[in-house]
file upload23.cif (mmCIF, C-alpha atoms)
data_run
#
loop_
_atom_site.group_PDB
_atom_site.id
_atom_site.type_symbol
_atom_site.label_atom_id
_atom_site.label_comp_id
_atom_site.auth_asym_id
_atom_site.auth_seq_id
_atom_site.Cartn_x
_atom_site.Cartn_y
_atom_site.Cartn_z
ATOM 1 C CA MET A 473 -14.885 26.615 -17.025
ATOM 2 C CA ASP A 474 -17.869 28.603 -15.733
ATOM 3 C CA GLU A 475 -20.138 26.346 -17.775
ATOM 4 C CA LEU A 476 -18.598 23.252 -16.216
ATOM 5 C CA ASN A 477 -18.813 24.724 -12.713
ATOM 6 C CA GLY A 478 -22.503 25.338 -13.338
ATOM 7 C CA LEU A 479 -22.805 21.710 -14.403
ATOM 8 C CA SER A 480 -21.318 20.620 -11.067
ATOM 9 C CA ASP A 481 -24.416 21.970 -9.316
ATOM 10 C CA GLN A 482 -26.588 19.509 -11.246
ATOM 11 C CA THR A 483 -24.864 16.292 -10.163
ATOM 12 C CA ARG A 484 -27.299 15.341 -7.417
ATOM 13 C CA ASP A 485 -30.369 16.016 -9.570
ATOM 14 C CA ILE A 486 -28.947 13.944 -12.418
ATOM 15 C CA TYR A 487 -28.330 10.933 -10.179
ATOM 16 C CA GLU A 488 -31.712 11.358 -8.521
ATOM 17 C CA ALA A 489 -33.565 11.476 -11.832
ATOM 18 C CA ASN A 490 -31.633 8.546 -13.300
ATOM 19 C CA ALA A 491 -31.162 6.288 -10.270
ATOM 20 C CA SER A 492 -32.917 3.253 -11.710
ATOM 21 C CA ALA A 493 -31.353 3.602 -15.166
ATOM 22 C CA TYR A 494 -27.898 4.141 -13.674
ATOM 23 C CA ASP A 495 -28.269 1.124 -11.418
ATOM 24 C CA LYS A 496 -29.315 -1.116 -14.309
ATOM 25 C CA ALA A 497 -26.416 0.090 -16.441
ATOM 26 C CA ARG A 498 -23.798 -0.095 -13.656
ATOM 27 C CA SER A 499 -21.617 -3.114 -14.264
ATOM 28 C CA SER A 500 -21.630 -5.622 -11.426
ATOM 29 C CA THR A 501 -18.453 -7.119 -12.886
ATOM 30 C CA LEU A 502 -15.795 -6.382 -10.325
ATOM 31 C CA LEU A 503 -13.245 -4.521 -12.392
ATOM 32 C CA GLU A 504 -12.480 -2.871 -9.048
ATOM 33 C CA ALA A 505 -11.634 -6.183 -7.343
ATOM 34 C CA ARG A 506 -7.861 -5.660 -7.161
ATOM 35 C CA TRP A 507 -8.235 -2.206 -5.599
ATOM 36 C CA LEU A 508 -10.997 -3.340 -3.258
ATOM 37 C CA THR A 509 -8.817 -6.239 -2.139
ATOM 38 C CA ARG A 510 -5.916 -3.885 -1.514
ATOM 39 C CA PHE A 511 -8.231 -1.581 0.444
ATOM 40 C CA GLY A 512 -9.666 -4.461 2.465
ATOM 41 C CA ASP A 513 -6.221 -5.862 3.232
ATOM 42 C CA ALA A 514 -5.278 -2.510 4.788
ATOM 43 C CA LEU A 515 -8.180 -2.721 7.271
ATOM 44 C CA PRO A 516 -8.652 -4.833 10.392
ATOM 45 C CA LYS A 517 -10.841 -7.904 9.940
ATOM 46 C CA GLY A 518 -14.470 -6.841 10.308
ATOM 47 C CA GLY A 519 -13.394 -3.197 10.485
ATOM 48 C CA SER A 520 -15.733 -0.269 9.977
ATOM 49 C CA VAL A 521 -16.046 1.221 6.480
ATOM 50 C CA LEU A 522 -17.748 4.419 5.358
ATOM 51 C CA ASP A 523 -18.775 4.408 1.693
ATOM 52 C CA LEU A 524 -19.309 7.984 0.501
ATOM 53 C CA GLY A 525 -21.392 8.235 -2.639
ATOM 54 C CA CYS A 526 -22.496 4.634 -2.233
ATOM 55 C CA GLY A 527 -25.209 4.915 -4.880
ATOM 56 C CA ALA A 528 -27.398 1.845 -5.175
ATOM 57 C CA GLY A 529 -24.686 -0.367 -3.730
ATOM 58 C CA GLU A 530 -23.579 -2.464 -6.685
ATOM 59 C CA PRO A 531 -20.843 -3.560 -6.831
ATOM 60 C CA ILE A 532 -18.833 -1.725 -4.129
ATOM 61 C CA ALA A 533 -21.192 -2.096 -1.148
ATOM 62 C CA ALA A 534 -21.946 -5.678 -2.172
ATOM 63 C CA TRP A 535 -18.251 -6.531 -1.985
ATOM 64 C CA LEU A 536 -17.597 -4.738 1.311
ATOM 65 C CA ILE A 537 -20.659 -6.278 2.965
ATOM 66 C CA GLY A 538 -19.771 -9.697 1.591
ATOM 67 C CA GLU A 539 -16.265 -9.404 3.043
ATOM 68 C CA GLY A 540 -17.737 -8.866 6.494
ATOM 69 C CA PHE A 541 -16.892 -5.232 7.087
ATOM 70 C CA ALA A 542 -19.107 -3.112 9.342
ATOM 71 C CA TYR A 543 -20.594 -1.041 6.570
ATOM 72 C CA THR A 544 -22.147 2.434 6.449
ATOM 73 C CA GLY A 545 -23.310 3.847 3.121
ATOM 74 C CA VAL A 546 -23.898 7.562 2.543
ATOM 75 C CA ASP A 547 -25.315 9.162 -0.583
ATOM 76 C CA PHE A 548 -26.992 12.473 -1.414
ATOM 77 C CA SER A 549 -29.621 10.843 -3.641
ATOM 78 C CA PRO A 550 -32.696 9.480 -1.821
ATOM 79 C CA ALA A 551 -33.603 7.440 -4.908
ATOM 80 C CA MET A 552 -30.212 5.712 -4.875
ATOM 81 C CA LEU A 553 -30.481 4.971 -1.157
ATOM 82 C CA GLU A 554 -33.952 3.532 -1.639
ATOM 83 C CA ILE A 555 -32.555 0.930 -4.035
ATOM 84 C CA ALA A 556 -29.575 0.148 -1.790
ATOM 85 C CA SER A 557 -31.589 -0.163 1.416
ATOM 86 C CA ALA A 558 -34.075 -2.486 -0.295
ATOM 87 C CA ARG A 559 -31.195 -4.784 -1.230
ATOM 88 C CA TRP A 560 -29.518 -4.751 2.176
ATOM 89 C CA PRO A 561 -32.125 -3.657 4.752
ATOM 90 C CA ASP A 562 -29.905 -4.686 7.667
ATOM 91 C CA GLN A 563 -27.093 -2.300 6.726
ATOM 92 C CA GLU A 564 -26.710 1.326 7.773
ATOM 93 C CA TRP A 565 -27.699 3.847 5.103
ATOM 94 C CA GLU A 566 -27.643 7.607 5.555
ATOM 95 C CA LEU A 567 -28.654 10.548 3.404
ATOM 96 C CA GLY A 568 -25.780 13.002 3.308
ATOM 97 C CA ASP A 569 -23.307 15.006 1.263
ATOM 98 C CA MET A 570 -19.586 14.464 1.791
ATOM 99 C CA ARG A 571 -19.031 18.217 1.402
ATOM 100 C CA SER A 572 -20.929 18.924 4.618
ATOM 101 C CA LEU A 573 -21.086 15.555 6.372
ATOM 102 C CA LYS A 574 -20.836 15.590 10.156
ATOM 103 C CA MET A 575 -20.579 12.273 11.988
ATOM 104 C CA GLU A 576 -19.556 11.386 15.511
ATOM 105 C CA LYS A 577 -18.385 7.937 14.453
ATOM 106 C CA ARG A 578 -14.903 7.285 13.097
ATOM 107 C CA PHE A 579 -14.014 4.536 10.642
ATOM 108 C CA ASP A 580 -11.169 2.174 9.800
ATOM 109 C CA GLY A 581 -11.735 2.831 6.114
ATOM 110 C CA VAL A 582 -13.330 5.540 3.997
ATOM 111 C CA ILE A 583 -14.025 4.885 0.328
ATOM 112 C CA ALA A 584 -15.369 7.365 -2.226
ATOM 113 C CA TRP A 585 -15.452 5.444 -5.495
ATOM 114 C CA ASN A 586 -16.762 7.364 -8.524
ATOM 115 C CA SER A 587 -18.115 10.112 -6.273
ATOM 116 C CA PHE A 588 -15.322 12.366 -5.004
ATOM 117 C CA PHE A 589 -14.364 13.398 -8.539
ATOM 118 C CA HIS A 590 -17.781 15.039 -8.995
ATOM 119 C CA LEU A 591 -16.654 17.810 -6.612
ATOM 120 C CA THR A 592 -15.042 20.984 -7.913
ATOM 121 C CA GLU A 593 -11.360 21.508 -7.226
ATOM 122 C CA ASN A 594 -12.057 23.864 -4.310
ATOM 123 C CA GLU A 595 -14.670 21.489 -2.907
ATOM 124 C CA GLN A 596 -12.110 18.693 -3.029
ATOM 125 C CA ARG A 597 -9.572 20.821 -1.169
ATOM 126 C CA GLU A 598 -12.197 21.590 1.478
ATOM 127 C CA THR A 599 -13.500 18.017 1.705
ATOM 128 C CA LEU A 600 -10.234 16.112 2.041
ATOM 129 C CA PRO A 601 -9.673 17.364 5.624
ATOM 130 C CA ARG A 602 -13.227 16.259 6.423
ATOM 131 C CA LEU A 603 -12.508 12.773 5.107
ATOM 132 C CA ALA A 604 -9.256 12.616 7.068
ATOM 133 C CA ALA A 605 -11.140 13.524 10.242
ATOM 134 C CA LEU A 606 -13.547 10.607 9.694
ATOM 135 C CA LEU A 607 -10.713 8.069 9.875
ATOM 136 C CA ASN A 608 -9.430 6.263 12.915
ATOM 137 C CA GLN A 609 -5.686 6.390 13.465
ATOM 138 C CA GLY A 610 -4.211 3.821 11.113
ATOM 139 C CA GLY A 611 -7.259 4.064 8.865
ATOM 140 C CA THR A 612 -7.207 4.018 5.075
ATOM 141 C CA LEU A 613 -8.806 6.290 2.487
ATOM 142 C CA MET A 614 -9.394 5.175 -1.102
ATOM 143 C CA THR A 615 -10.944 7.323 -3.801
ATOM 144 C CA THR A 616 -11.074 7.720 -7.557
ATOM 145 C CA VAL A 617 -9.728 10.973 -8.965
ATOM 146 C CA GLY A 618 -8.573 12.237 -12.349
ATOM 147 C CA PRO A 619 -5.215 11.532 -13.995
ATOM 148 C CA HIS A 620 -4.214 15.201 -13.865
ATOM 149 C CA ALA A 621 -5.457 18.564 -12.640
ATOM 150 C CA GLY A 622 -8.435 20.029 -14.426
ATOM 151 C CA GLN A 623 -12.111 19.677 -15.262
ATOM 152 C CA THR A 624 -13.901 17.369 -17.667
ATOM 153 C CA THR A 625 -17.226 15.567 -18.004
ATOM 154 C CA GLY A 626 -18.629 12.064 -17.845
ATOM 155 C CA THR A 627 -22.074 10.580 -18.360
ATOM 156 C CA VAL A 628 -24.758 9.098 -16.122
ATOM 157 C CA ALA A 629 -27.526 7.310 -18.015
ATOM 158 C CA GLY A 630 -26.853 9.528 -21.009
ATOM 159 C CA SER A 631 -26.753 12.783 -19.013
ATOM 160 C CA THR A 632 -23.554 14.812 -18.828
ATOM 161 C CA VAL A 633 -21.994 15.116 -15.368
ATOM 162 C CA PHE A 634 -19.104 17.172 -14.013
ATOM 163 C CA HIS A 635 -15.707 15.709 -13.120
ATOM 164 C CA ALA A 636 -12.646 17.460 -11.679
ATOM 165 C CA SER A 637 -9.282 16.604 -10.226
ATOM 166 C CA LEU A 638 -6.319 18.134 -8.488
ATOM 167 C CA SER A 639 -2.804 17.155 -9.530
ATOM 168 C CA PRO A 640 -1.264 14.057 -7.937
ATOM 169 C CA ALA A 641 1.270 16.331 -6.218
ATOM 170 C CA GLU A 642 -1.453 18.511 -4.710
ATOM 171 C CA TYR A 643 -3.358 15.453 -3.510
ATOM 172 C CA ALA A 644 -0.216 14.175 -1.808
ATOM 173 C CA GLN A 645 0.488 17.560 -0.214
ATOM 174 C CA THR A 646 -3.105 18.073 0.958
ATOM 175 C CA LEU A 647 -3.280 14.572 2.391
ATOM 176 C CA GLU A 648 0.031 15.056 4.208
ATOM 177 C CA ALA A 649 -1.178 18.345 5.656
ATOM 178 C CA ASN A 650 -4.107 16.441 7.151
ATOM 179 C CA GLY A 651 -2.147 13.577 8.635
ATOM 180 C CA LEU A 652 -2.445 11.113 5.755
ATOM 181 C CA ARG A 653 0.361 9.509 3.787
ATOM 182 C CA LEU A 654 -0.197 8.633 0.126
ATOM 183 C CA THR A 655 0.342 4.869 -0.152
ATOM 184 C CA ALA A 656 -0.787 4.203 -3.725
ATOM 185 C CA TYR A 657 -1.653 6.134 -6.847
ATOM 186 C CA LEU A 658 -2.237 4.878 -10.366
ATOM 187 C CA ALA A 659 -3.502 7.020 -13.218
ATOM 188 C CA GLU A 660 -5.916 5.431 -15.677
ATOM 189 C CA ASP A 661 -5.417 1.858 -14.503
ATOM 190 C CA PRO A 662 -5.898 -0.266 -17.651
ATOM 191 C CA ASP A 663 -7.104 -3.192 -15.535
ATOM 192 C CA CYS A 664 -9.764 -1.114 -13.776
ATOM 193 C CA GLY A 665 -11.712 0.592 -16.527
ATOM 194 C CA ARG A 666 -9.045 3.334 -16.707
ATOM 195 C CA HIS A 667 -9.990 4.644 -13.287
ATOM 196 C CA SER A 668 -7.365 6.776 -11.550
ATOM 197 C CA VAL A 669 -7.117 5.598 -7.953
ATOM 198 C CA LEU A 670 -5.378 6.861 -4.861
ATOM 199 C CA MET A 671 -5.022 5.382 -1.402
ATOM 200 C CA ALA A 672 -3.728 7.045 1.747
ATOM 201 C CA ARG A 673 -3.156 5.999 5.343
ATOM 202 C CA LYS A 674 -3.698 8.032 8.520
ATOM 203 C CA ASP A 675 -0.511 7.352 10.488
#

call {"tool": "encode", "arguments": {"input": "upload23.cif", "output": "structure tokens"}}
result
Amino acid sequence: MDELNGLSDQTRDIYEANASAYDKARSSTLLEARWLTRFGDALPKGGSVLDLGCGAGEPIAAWLIGEGFAYTGVDFSPAMLEIASARWPDQEWELGDMRSLKMEKRFDGVIAWNSFFHLTENEQRETLPRLAALLNQGGTLMTTVGPHAGQTTGTVAGSTVFHASLSPAEYAQTLEANGLRLTAYLAEDPDCGRHSVLMARKD
């Protein structure tokens, strides 16, 4: 576990060093389409969306922008943001880390797809209240997590990266404690590349 926690400190550097390779390898096929549609349907037309860990923008930002949402992308990798901002120069891109992000603006939707699960368990517990605070009343959060509590690894352009998750029950309890109600959860969705996805609403 200590070895994996040490690996978690390398996530930003790995994405930064492999931004171009990751972007080229990232599938633009919208396996995420059903979840993105569900997320979009929960938001007002043209509503504001904050994409945390936006990367180079394909395919999540491309879909959100194409659907007409008022989009803001945040990532902690300057190299990733450089690619994204070159593709969509008229959109709002910000360098930032969801673990320490401070923004005056509030959003109708917050999405953290393939980014939130890079945080350690304690970082997730500390960050969920921050994400809740970024939502307007009635807003929706969607993020990918793990299918059960624990730590594991993934790969980015051949480099090993850290993944972690809380249990579904702890996610539900933590969200509820911060004014969000779990509205959907599916572990290892076979129709979405076996991503585990949760959605919650700020009532």

call {"tool": "atom_distance", "arguments": {"input": "upload23.cif", "atom1": "atom CA of A:Thr509", "atom2": "atom CA of A:Trp535"}}
result
9.4 Å

call {"tool": "closest_residue", "arguments": {"input": "upload23.cif", "among": "A:Lys496, A:Arg578, A:His620, A:Arg571", "to": "A:Met552", "atoms": "all atoms listed in the file"}}
result
A:Lys496

call {"tool": "closest_residue", "arguments": {"input": "upload23.cif", "among": "A:Arg484, A:Arg602, A:Lys517, A:His635", "to": "A:Phe588", "atoms": "all atoms listed in the file"}}
result
A:His635

call {"tool": "resolve_selection", "arguments": {"input": "upload23.cif", "expression": "the PyMOL selection byres ((chain A and resi 506) around 12)", "output": "number ranges by chain"}}
result
A: 502-505, 507-513, 535, 661-665, 669

call {"tool": "residues_around", "arguments": {"input": "upload23.cif", "residues": "A:Phe548", "least_positions_apart": "5", "cutoff": "7 Å", "atoms": "only C-alpha atoms", "output": "compact mmCIF listing (two decimals) with C-alpha atoms, keeping the file's coordinate frame"}}
result
# COMPACT_ATOMS: atom_id res chain seq x y z
CA ARG A 484 -27.30 15.34 -7.42
CA LEU A 567 -28.65 10.55 3.40
CA GLY A 568 -25.78 13.00 3.31
CA ASP A 569 -23.31 15.01 1.26

call {"tool": "axis_aligned_box", "arguments": {"input": "upload23.cif", "around": "stretch 630-643 of chain A", "padding_each_side": "3 Å", "output": "JSON"}}
result
{"center_x": -12.8, "center_y": 14.0, "center_z": -12.3, "size_x": 34.1, "size_y": 15.0, "size_z": 23.5}

call {"tool": "resolve_selection", "arguments": {"input": "upload23.cif", "expression": "the PyMOL selection byres ((chain A and resi 637) around 9)", "output": "PyMOL selection string"}}
result
chain A and resi 589-593+596+617-624+635-636+638-640
